[in-house]
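Undergrad: One structure, as structure tokens, below. Some questions next.
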Amino acid sequence: MEAINDPAALMAHFVELADQGRWQAIEALFAPNLAAVVSADAVRAAWEAEAVPLGDVVGLGVARTEPIDDALTRVSATVSFTKGDLAIFIATAGDGLLQGLRIAAPGEWTAPSYAAPKQFTEHEVVVGEGPLAVPGTLTVPRGAGPFPAAILLSGGGPFDRDGTAGPLKPLKDLAWGLGSRGVASVRFDKVGAVHAGVLAEMLEFTAADEYLPYVRDAFRQLDQNPEIDSDRIHVVGHSMGAKMAPRAAEAEPRIAGLVLMAADAAPMQRSAVRVVRYLAGLGLIPDETVAVMEGQAANVERADLSSSTPTDDLPLGYSGAYWLDMRGYDPVATAKNLTQPMLILQGGRDYQVTVEDDLALWRAGIGDRADVDIRVYAADNHMFAPGAGTSTPAEYATPANVDSVVVDDIVRWLAPEAPRGKRLFSGMRVRRG
């Protein structure tokens, strides 16, 4: 048989063979290293245990590829059956042979290929003070420090420390990727995930309360840790965490630099309207939902908005005090007054934070600074997972990891020996694929 050099085609061929029960043909695809540990009978047993109870194969989702190293490519895809889905993972060198194979439930997170857990340790910590303190995880590389460090901030909503969204754990991906490459990090459950009942009674609670005390305390703990280089403590924020990162640096001037991933810059209520219009255009939500969001967003911009404005009249379940705080905050203007260097990263397929609406504001405001680098990853979605075609919420239900190229770029930017600014990067690079 002619070798299948295209990784996505190899994935489709494996699924076809498995569906037909051609186990010996699958074993013939094994590279020597895989053949040494996996047999045709093992594949058959796994398929019969996981796939057969789900019925007949009815479809194969878009294959997502990710480079593992210069030679290997990791491929993942969701296989749909009459009674459910499975996630299939393979690795190949582009020679038509399988270097790795895994069958998993589609909702299961798997460690990214760039993570090397033996290269770091993790410890439980508590971040914040008093009754609103939250649990978190400190990740520290093994070996001789002190190490540069990152305070990881997740997006809007009650996320846990990993930024979990279905099978996706972008902050855990980042922490493990950084820890494997000599960069420490701390990540923590958001206060809304731990103290939702308490916050429901705190009508004056704002975004500043949600992020800033935790950044300051995380910085203090890292600063006092002898394993950490106190001059190289950064903030790496995703989505709303990125939006709030300039405010955090304003509150803690000793923060060494900011990495802004999918940082929304447009007013948040207008972004919410844009997103629901996008989803309605795909036929995923009714037009009535758009009308409701438009009305709620208009209430945010009313002159009489106050902390007593009913939450039901406002977008996303946030209070009037929360929206007043956000209405008065301009992340680009705040960033413009900072002296810290910044790395701004954007997914080209992101429909929540977009190149046209949000990144354009960052470029116009601070894109000409010598210590600001902007990178666009054409294939990546809001979670910085690579893919193809139109991005939809369904994509977030497929197991995936933060793009390895994104992690590489962050590590290089945070690494102690790396020069900053446009001496290292050209200012923007488009990753295609």
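In the structure tokens, chains take the letters A, B, ... in the order shown, each chain's residues start at 1, and ligands count up from 1 in the order shown.
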Any idea what's packed within 8 Å of Lys190 in chain A, counting only C-alpha atoms, ignoring anything in its chain fewer than 2 positions away? Could you give it as an mmCIF file with N, CA and C atoms, in the first residue's frame?
TA:
```cif
data_model
loop_
_atom_site.group_PDB
_atom_site.id
_atom_site.type_symbol
_atom_site.label_atom_id
_atom_site.label_comp_id
_atom_site.auth_asym_id
_atom_site.auth_seq_id
_atom_site.Cartn_x
_atom_site.Cartn_y
_atom_site.Cartn_z
ATOM 1 N N VAL A 134 -8.707 31.922 47.758
ATOM 2 C CA VAL A 134 -9.016 30.806 46.856
ATOM 3 C C VAL A 134 -7.824 29.854 46.782
ATOM 4 N N SER A 154 -7.302 33.653 34.126
ATOM 5 C CA SER A 154 -8.285 33.113 33.188
ATOM 6 C C SER A 154 -9.308 34.178 32.816
ATOM 7 N N PRO A 158 -16.805 32.120 36.190
ATOM 8 C CA PRO A 158 -16.298 31.397 37.362
ATOM 9 C C PRO A 158 -15.389 30.220 36.999
ATOM 10 N N PHE A 159 -14.267 30.499 36.366
ATOM 11 C CA PHE A 159 -13.355 29.439 35.948
ATOM 12 C C PHE A 159 -12.552 28.898 37.124
ATOM 13 N N ASP A 160 -12.201 27.614 37.026
ATOM 14 C CA ASP A 160 -11.260 27.061 37.994
ATOM 15 C C ASP A 160 -9.838 27.441 37.585
ATOM 16 N N ARG A 161 -8.868 26.979 38.358
ATOM 17 C CA ARG A 161 -7.478 27.377 38.140
ATOM 18 C C ARG A 161 -6.931 26.947 36.777
ATOM 19 N N PHE A 188 -4.885 29.949 39.867
ATOM 20 C CA PHE A 188 -5.787 29.794 41.006
ATOM 21 C C PHE A 188 -7.234 29.838 40.551
ATOM 22 N N GLY A 192 -15.276 33.594 41.900
ATOM 23 C CA GLY A 192 -16.645 33.224 41.573
ATOM 24 C C GLY A 192 -16.871 31.728 41.524
ATOM 25 N N ALA A 193 -15.803 30.958 41.324
ATOM 26 C CA ALA A 193 -15.918 29.503 41.291
ATOM 27 C C ALA A 193 -15.933 28.910 42.692
ATOM 28 N N VAL A 194 -15.409 29.651 43.665
ATOM 29 C CA VAL A 194 -15.258 29.139 45.022
ATOM 30 C C VAL A 194 -16.267 29.757 45.983
ATOM 31 N N GLU A 210 -12.392 41.181 41.521
ATOM 32 C CA GLU A 210 -12.302 39.809 41.025
ATOM 33 C C GLU A 210 -10.866 39.418 40.679
#
```
Undergrad: Neighbours of Gly21 in chain A within 12 Å (only C-alpha atoms; same-chain residues fewer than 2 positions away dropped), as a list in words?
TA: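 Residues near the query, excluding close chain neighbours: Phe14, Val15, Glu16, Leu17, Ala18, Asp19, Trp23, Gln24, Ala25, Ile26, Glu27, Ala40, Asp41, Val43, Arg44, Ala45, Ala46, Trp47, Glu48, Ala51 and Val52 of chain A.
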Undergrad: Just the selected residues (N, CA and C atoms), exported as a PDB file, in the first residue's frame, please.
TA:
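Produced file out.pdb, reproduced below:
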```
ATOM      1  N   PHE A  14      -7.193   5.251   9.558  1.00  0.00           N
ATOM      2  CA  PHE A  14      -7.254   4.449  10.779  1.00  0.00           C
ATOM      3  C   PHE A  14      -8.708   4.215  11.196  1.00  0.00           C
ATOM      4  N   VAL A  15      -9.521   5.271  11.188  1.00  0.00           N
ATOM      5  CA  VAL A  15     -10.916   5.137  11.598  1.00  0.00           C
ATOM      6  C   VAL A  15     -11.653   4.179  10.664  1.00  0.00           C
ATOM      7  N   GLU A  16     -11.387   4.278   9.364  1.00  0.00           N
ATOM      8  CA  GLU A  16     -12.027   3.383   8.403  1.00  0.00           C
ATOM      9  C   GLU A  16     -11.661   1.923   8.688  1.00  0.00           C
ATOM     10  N   LEU A  17     -10.382   1.664   8.935  1.00  0.00           N
ATOM     11  CA  LEU A  17      -9.947   0.293   9.219  1.00  0.00           C
ATOM     12  C   LEU A  17     -10.557  -0.235  10.508  1.00  0.00           C
ATOM     13  N   ALA A  18     -10.609   0.635  11.546  1.00  0.00           N
ATOM     14  CA  ALA A  18     -11.179   0.209  12.821  1.00  0.00           C
ATOM     15  C   ALA A  18     -12.661  -0.092  12.673  1.00  0.00           C
ATOM     16  N   ASP A  19     -13.352   0.739  11.917  1.00  0.00           N
ATOM     17  CA  ASP A  19     -14.784   0.535  11.705  1.00  0.00           C
ATOM     18  C   ASP A  19     -15.042  -0.780  10.978  1.00  0.00           C
ATOM     19  N   TRP A  23      -7.962  -5.280  12.058  1.00  0.00           N
ATOM     20  CA  TRP A  23      -6.956  -5.022  13.083  1.00  0.00           C
ATOM     21  C   TRP A  23      -5.541  -5.301  12.610  1.00  0.00           C
ATOM     22  N   GLN A  24      -5.350  -6.324  11.806  1.00  0.00           N
ATOM     23  CA  GLN A  24      -4.005  -6.617  11.303  1.00  0.00           C
ATOM     24  C   GLN A  24      -3.542  -5.513  10.348  1.00  0.00           C
ATOM     25  N   ALA A  25      -4.469  -4.941   9.586  1.00  0.00           N
ATOM     26  CA  ALA A  25      -4.098  -3.830   8.702  1.00  0.00           C
ATOM     27  C   ALA A  25      -3.678  -2.614   9.510  1.00  0.00           C
ATOM     28  N   ILE A  26      -4.347  -2.419  10.659  1.00  0.00           N
ATOM     29  CA  ILE A  26      -3.941  -1.315  11.535  1.00  0.00           C
ATOM     30  C   ILE A  26      -2.548  -1.581  12.104  1.00  0.00           C
ATOM     31  N   GLU A  27      -2.312  -2.806  12.564  1.00  0.00           N
ATOM     32  CA  GLU A  27      -0.988  -3.121  13.117  1.00  0.00           C
ATOM     33  C   GLU A  27       0.105  -2.909  12.071  1.00  0.00           C
ATOM     34  N   ALA A  40      -2.269  -5.750  17.580  1.00  0.00           N
ATOM     35  CA  ALA A  40      -3.579  -5.662  16.933  1.00  0.00           C
ATOM     36  C   ALA A  40      -4.685  -6.025  17.907  1.00  0.00           C
ATOM     37  N   ASP A  41      -4.447  -7.030  18.744  1.00  0.00           N
ATOM     38  CA  ASP A  41      -5.460  -7.435  19.725  1.00  0.00           C
ATOM     39  C   ASP A  41      -5.741  -6.329  20.730  1.00  0.00           C
ATOM     40  N   VAL A  43      -5.563  -3.078  20.160  1.00  0.00           N
ATOM     41  CA  VAL A  43      -6.393  -2.073  19.489  1.00  0.00           C
ATOM     42  C   VAL A  43      -7.832  -2.570  19.389  1.00  0.00           C
ATOM     43  N   ARG A  44      -7.990  -3.831  19.012  1.00  0.00           N
ATOM     44  CA  ARG A  44      -9.332  -4.400  18.919  1.00  0.00           C
ATOM     45  C   ARG A  44     -10.050  -4.322  20.262  1.00  0.00           C
ATOM     46  N   ALA A  45      -9.364  -4.677  21.343  1.00  0.00           N
ATOM     47  CA  ALA A  45      -9.990  -4.673  22.660  1.00  0.00           C
ATOM     48  C   ALA A  45     -10.405  -3.251  23.060  1.00  0.00           C
ATOM     49  N   ALA A  46      -9.541  -2.278  22.766  1.00  0.00           N
ATOM     50  CA  ALA A  46      -9.869  -0.893  23.101  1.00  0.00           C
ATOM     51  C   ALA A  46     -11.063  -0.395  22.293  1.00  0.00           C
ATOM     52  N   TRP A  47     -11.087  -0.731  21.004  1.00  0.00           N
ATOM     53  CA  TRP A  47     -12.185  -0.287  20.143  1.00  0.00           C
ATOM     54  C   TRP A  47     -13.498  -0.938  20.569  1.00  0.00           C
ATOM     55  N   GLU A  48     -13.445  -2.227  20.891  1.00  0.00           N
ATOM     56  CA  GLU A  48     -14.665  -2.925  21.297  1.00  0.00           C
ATOM     57  C   GLU A  48     -15.188  -2.409  22.630  1.00  0.00           C
ATOM     58  N   ALA A  51     -15.780   1.937  21.523  1.00  0.00           N
ATOM     59  CA  ALA A  51     -16.526   2.352  20.339  1.00  0.00           C
ATOM     60  C   ALA A  51     -17.762   1.501  20.062  1.00  0.00           C
ATOM     61  N   VAL A  52     -17.637   0.219  20.171  1.00  0.00           N
ATOM     62  CA  VAL A  52     -18.746  -0.667  19.799  1.00  0.00           C
ATOM     63  C   VAL A  52     -20.036  -0.346  20.557  1.00  0.00           C
TER      64      VAL A  52
END
```
Undergrad: Could you pull the residues within 7 Å of Gly136 in chain A, counting only C-alpha atoms, minus those fewer than 6 positions along the same chain, as a list in words?
TA: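 Those residues are Glu124, Val125, Val126, Val127, Arg161, Arg187, Phe188 and Asp189 of chain A.
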Undergrad: Kindly give the distance, in Å, that separates CA of Pro67 in chain A and CA of Ser113 in chain A, rounded to a single decimal.
TA: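 These atoms are spaced 8.6 Å apart.
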Undergrad: Please, which residues of range 72-186 of chain A, numbered as in this document, come out alpha helix (DSSP H) from DSSP, as a list in words?
TA: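 Here are the alpha helix (DSSP H) residues of range 72-186 of chain A: Pro170, Leu171, Lys172, Asp173, Leu174, Ala175, Trp176, Gly177, Leu178 and Gly179 of chain A.
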Undergrad: Using only C-alpha atoms, I'd like a table of the residues in range 237-319 of chain A that come within 12 Å of range 402-411 of chain A; for each, show the closest atom pair and its distance in Å rounded to one decimal, ordered by chain and ascending number, as JSON lines.
TA:
```
{"residue": "A:Gly237", "atom": "CA", "partner": "A:Ile410", "partner_atom": "CA", "distance": 11.6}
{"residue": "A:His238", "atom": "CA", "partner": "A:Val402", "partner_atom": "CA", "distance": 11.5}
{"residue": "A:Gly257", "atom": "CA", "partner": "A:Ile410", "partner_atom": "CA", "distance": 11.5}
{"residue": "A:Leu258", "atom": "CA", "partner": "A:Ile410", "partner_atom": "CA", "distance": 10.3}
{"residue": "A:Val259", "atom": "CA", "partner": "A:Ile410", "partner_atom": "CA", "distance": 7.6}
{"residue": "A:Leu260", "atom": "CA", "partner": "A:Ile410", "partner_atom": "CA", "distance": 10.2}
{"residue": "A:Met261", "atom": "CA", "partner": "A:Val406", "partner_atom": "CA", "distance": 9.6}
{"residue": "A:Ala262", "atom": "CA", "partner": "A:Val406", "partner_atom": "CA", "distance": 11.9}
```
Undergrad: Can you write just those residues out, C-alpha atoms, as a PDB file, in the first residue's frame?
TA:
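Output saved as again.pdb:
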```
ATOM      1  CA  GLY A 237      -3.724  36.622  30.950  1.00  0.00           C
ATOM      2  CA  HIS A 238      -6.286  35.010  28.671  1.00  0.00           C
ATOM      3  CA  GLY A 257       5.903  42.292  31.719  1.00  0.00           C
ATOM      4  CA  LEU A 258       2.550  41.237  30.310  1.00  0.00           C
ATOM      5  CA  VAL A 259       1.485  38.481  27.918  1.00  0.00           C
ATOM      6  CA  LEU A 260      -1.996  39.250  26.602  1.00  0.00           C
ATOM      7  CA  MET A 261      -3.746  36.286  24.972  1.00  0.00           C
ATOM      8  CA  ALA A 262      -6.998  37.079  23.136  1.00  0.00           C
TER       9      ALA A 262
END
```
Undergrad: Taking 2 positions as the minimum chain separation for residues in the same chain, which residues sit within 8 Å of Gly61 in chain A when counting only C-alpha atoms? Answer as a ChimeraX atom specification.
TA: /A:59,63,77-80
Undergrad: One decimal, in Å: what's the spacing between CA of Gly156 in chain A and CA of Pro267 in chain A?
TA: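 CA of Pro267 in chain A lies at a distance of 13.7 Å from CA of Gly156 in chain A.
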Undergrad: Give one line per residue of range 126-216 of chain A that approaches range 328-350 of chain A to at most 12 Å, naming the two atoms of the closest pair and their distance in Å to one decimal, counting only C-alpha atoms; sort by chain then ascending residue number and deliver it as JSON lines.
TA:
```
{"residue": "A:Thr206", "atom": "CA", "partner": "A:Gly328", "partner_atom": "CA", "distance": 11.4}
{"residue": "A:Ala207", "atom": "CA", "partner": "A:Tyr329", "partner_atom": "CA", "distance": 9.9}
{"residue": "A:Ala208", "atom": "CA", "partner": "A:Tyr329", "partner_atom": "CA", "distance": 9.9}
```
Undergrad: Using only C-alpha atoms for the distances, tell me which of A:Leu29, A:His234, A:Ala104, A:Ala133 is nearest to Pro167 in chain A.
TA: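 With only C-alpha atoms as the atom set, the closest residue is A:Ala104.
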Undergrad: Can you measure CA of Gly130 in chain A to CA of Ala251 in chain A for me? One decimal in Å is fine.
TA: 19.6 Å
Undergrad: Among the residues of range 34-145 of chain A, find those DSSP assigns to strand (DSSP E or B) from the backbone and print them as number ranges by chain.
TA: A: 57-60, 64-67, 73-81, 84-92, 98-104, 120-127, 134-141
Undergrad: Keeping only C-alpha atoms, write those residues as a tab-separated table (two decimals), in the first residue's frame.
TA:
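Written file, selection.tsv:
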```
chain	number	residue	atom	x	y	z
A	57	VAL	CA	-19.69	5.29	12.87
A	58	VAL	CA	-21.67	8.18	11.36
A	59	GLY	CA	-19.03	10.86	10.93
A	60	LEU	CA	-15.47	12.05	11.43
A	64	ARG	CA	-6.57	19.01	14.21
A	65	THR	CA	-2.82	18.82	13.81
A	66	GLU	CA	-0.13	20.05	16.17
A	67	PRO	CA	3.65	19.70	15.81
A	73	THR	CA	2.86	15.62	14.34
A	74	ARG	CA	0.01	15.00	16.76
A	75	VAL	CA	-3.45	14.61	15.20
A	76	SER	CA	-6.77	14.60	17.04
A	77	ALA	CA	-10.32	14.16	15.75
A	78	THR	CA	-13.76	13.37	17.08
A	79	VAL	CA	-15.48	10.26	15.70
A	80	SER	CA	-19.28	10.42	15.88
A	81	PHE	CA	-21.33	7.27	16.43
A	84	GLY	CA	-22.12	9.22	21.14
A	85	ASP	CA	-18.62	10.41	20.31
A	86	LEU	CA	-15.01	9.34	20.85
A	87	ALA	CA	-11.78	11.29	20.55
A	88	ILE	CA	-8.93	9.68	18.61
A	89	PHE	CA	-5.32	10.80	18.96
A	90	ILE	CA	-2.47	9.66	16.73
A	91	ALA	CA	1.12	10.72	16.18
A	92	THR	CA	2.92	10.40	12.87
A	98	LEU	CA	1.55	5.49	13.45
A	99	GLN	CA	4.02	6.57	16.12
A	100	GLY	CA	1.33	6.86	18.79
A	101	LEU	CA	-2.35	5.99	19.23
A	102	ARG	CA	-4.97	6.76	21.87
A	103	ILE	CA	-8.75	6.37	22.07
A	104	ALA	CA	-10.51	8.49	24.71
A	120	PHE	CA	8.55	20.34	37.25
A	121	THR	CA	6.76	20.00	40.58
A	122	GLU	CA	3.37	21.33	41.66
A	123	HIS	CA	2.23	22.46	45.11
A	124	GLU	CA	-1.10	23.61	46.49
A	125	VAL	CA	-1.24	27.25	47.56
A	126	VAL	CA	-3.84	29.71	48.82
A	127	VAL	CA	-4.12	33.02	46.98
A	134	VAL	CA	-9.02	30.81	46.86
A	135	PRO	CA	-6.97	27.63	46.30
A	136	GLY	CA	-4.36	27.48	43.57
A	137	THR	CA	-1.35	25.63	42.21
A	138	LEU	CA	2.28	26.70	42.13
A	139	THR	CA	4.28	25.05	39.34
A	140	VAL	CA	8.07	25.20	39.70
A	141	PRO	CA	10.67	23.72	37.32
```
Undergrad: Can you list, as an mmCIF file with C-alpha atoms, in the first residue's frame, every protein, DNA or RNA residue that comes within 7 Å of Leu152 in chain A when you count only C-alpha atoms, leaving out same-chain residues fewer than 4 positions away?
TA:
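out-v2.cif, written as the output of this step:
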```cif
data_model
loop_
_atom_site.group_PDB
_atom_site.id
_atom_site.type_symbol
_atom_site.label_atom_id
_atom_site.label_comp_id
_atom_site.auth_asym_id
_atom_site.auth_seq_id
_atom_site.Cartn_x
_atom_site.Cartn_y
_atom_site.Cartn_z
ATOM 1 C CA LEU A 171 -4.193 27.474 31.851
ATOM 2 C CA SER A 185 3.756 29.825 37.344
ATOM 3 C CA VAL A 186 0.896 30.198 39.753
ATOM 4 C CA ARG A 187 -2.739 29.703 38.770
ATOM 5 C CA VAL A 235 1.297 38.280 34.182
ATOM 6 C CA VAL A 236 -0.025 35.994 31.456
ATOM 7 C CA GLY A 237 -3.724 36.622 30.950
#
```
Undergrad: Let me make sure I understand: among A:Ala265, A:Leu34, A:Leu222, A:Ile4, which one has the smallest atom-to-atom distance to Ala364 in chain A if we use only C-alpha atoms?
TA: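 Looking only at the distances to Ala364 in chain A, the closest residue turns out to be A:Ala265.
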Undergrad: Smallest atom-to-atom distance to Pro170 in chain A: which of A:Ala111, A:Val300, A:Val38, A:Val198, using only C-alpha atoms?
TA: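 Closest residue, counting only C-alpha atoms: A:Ala111.
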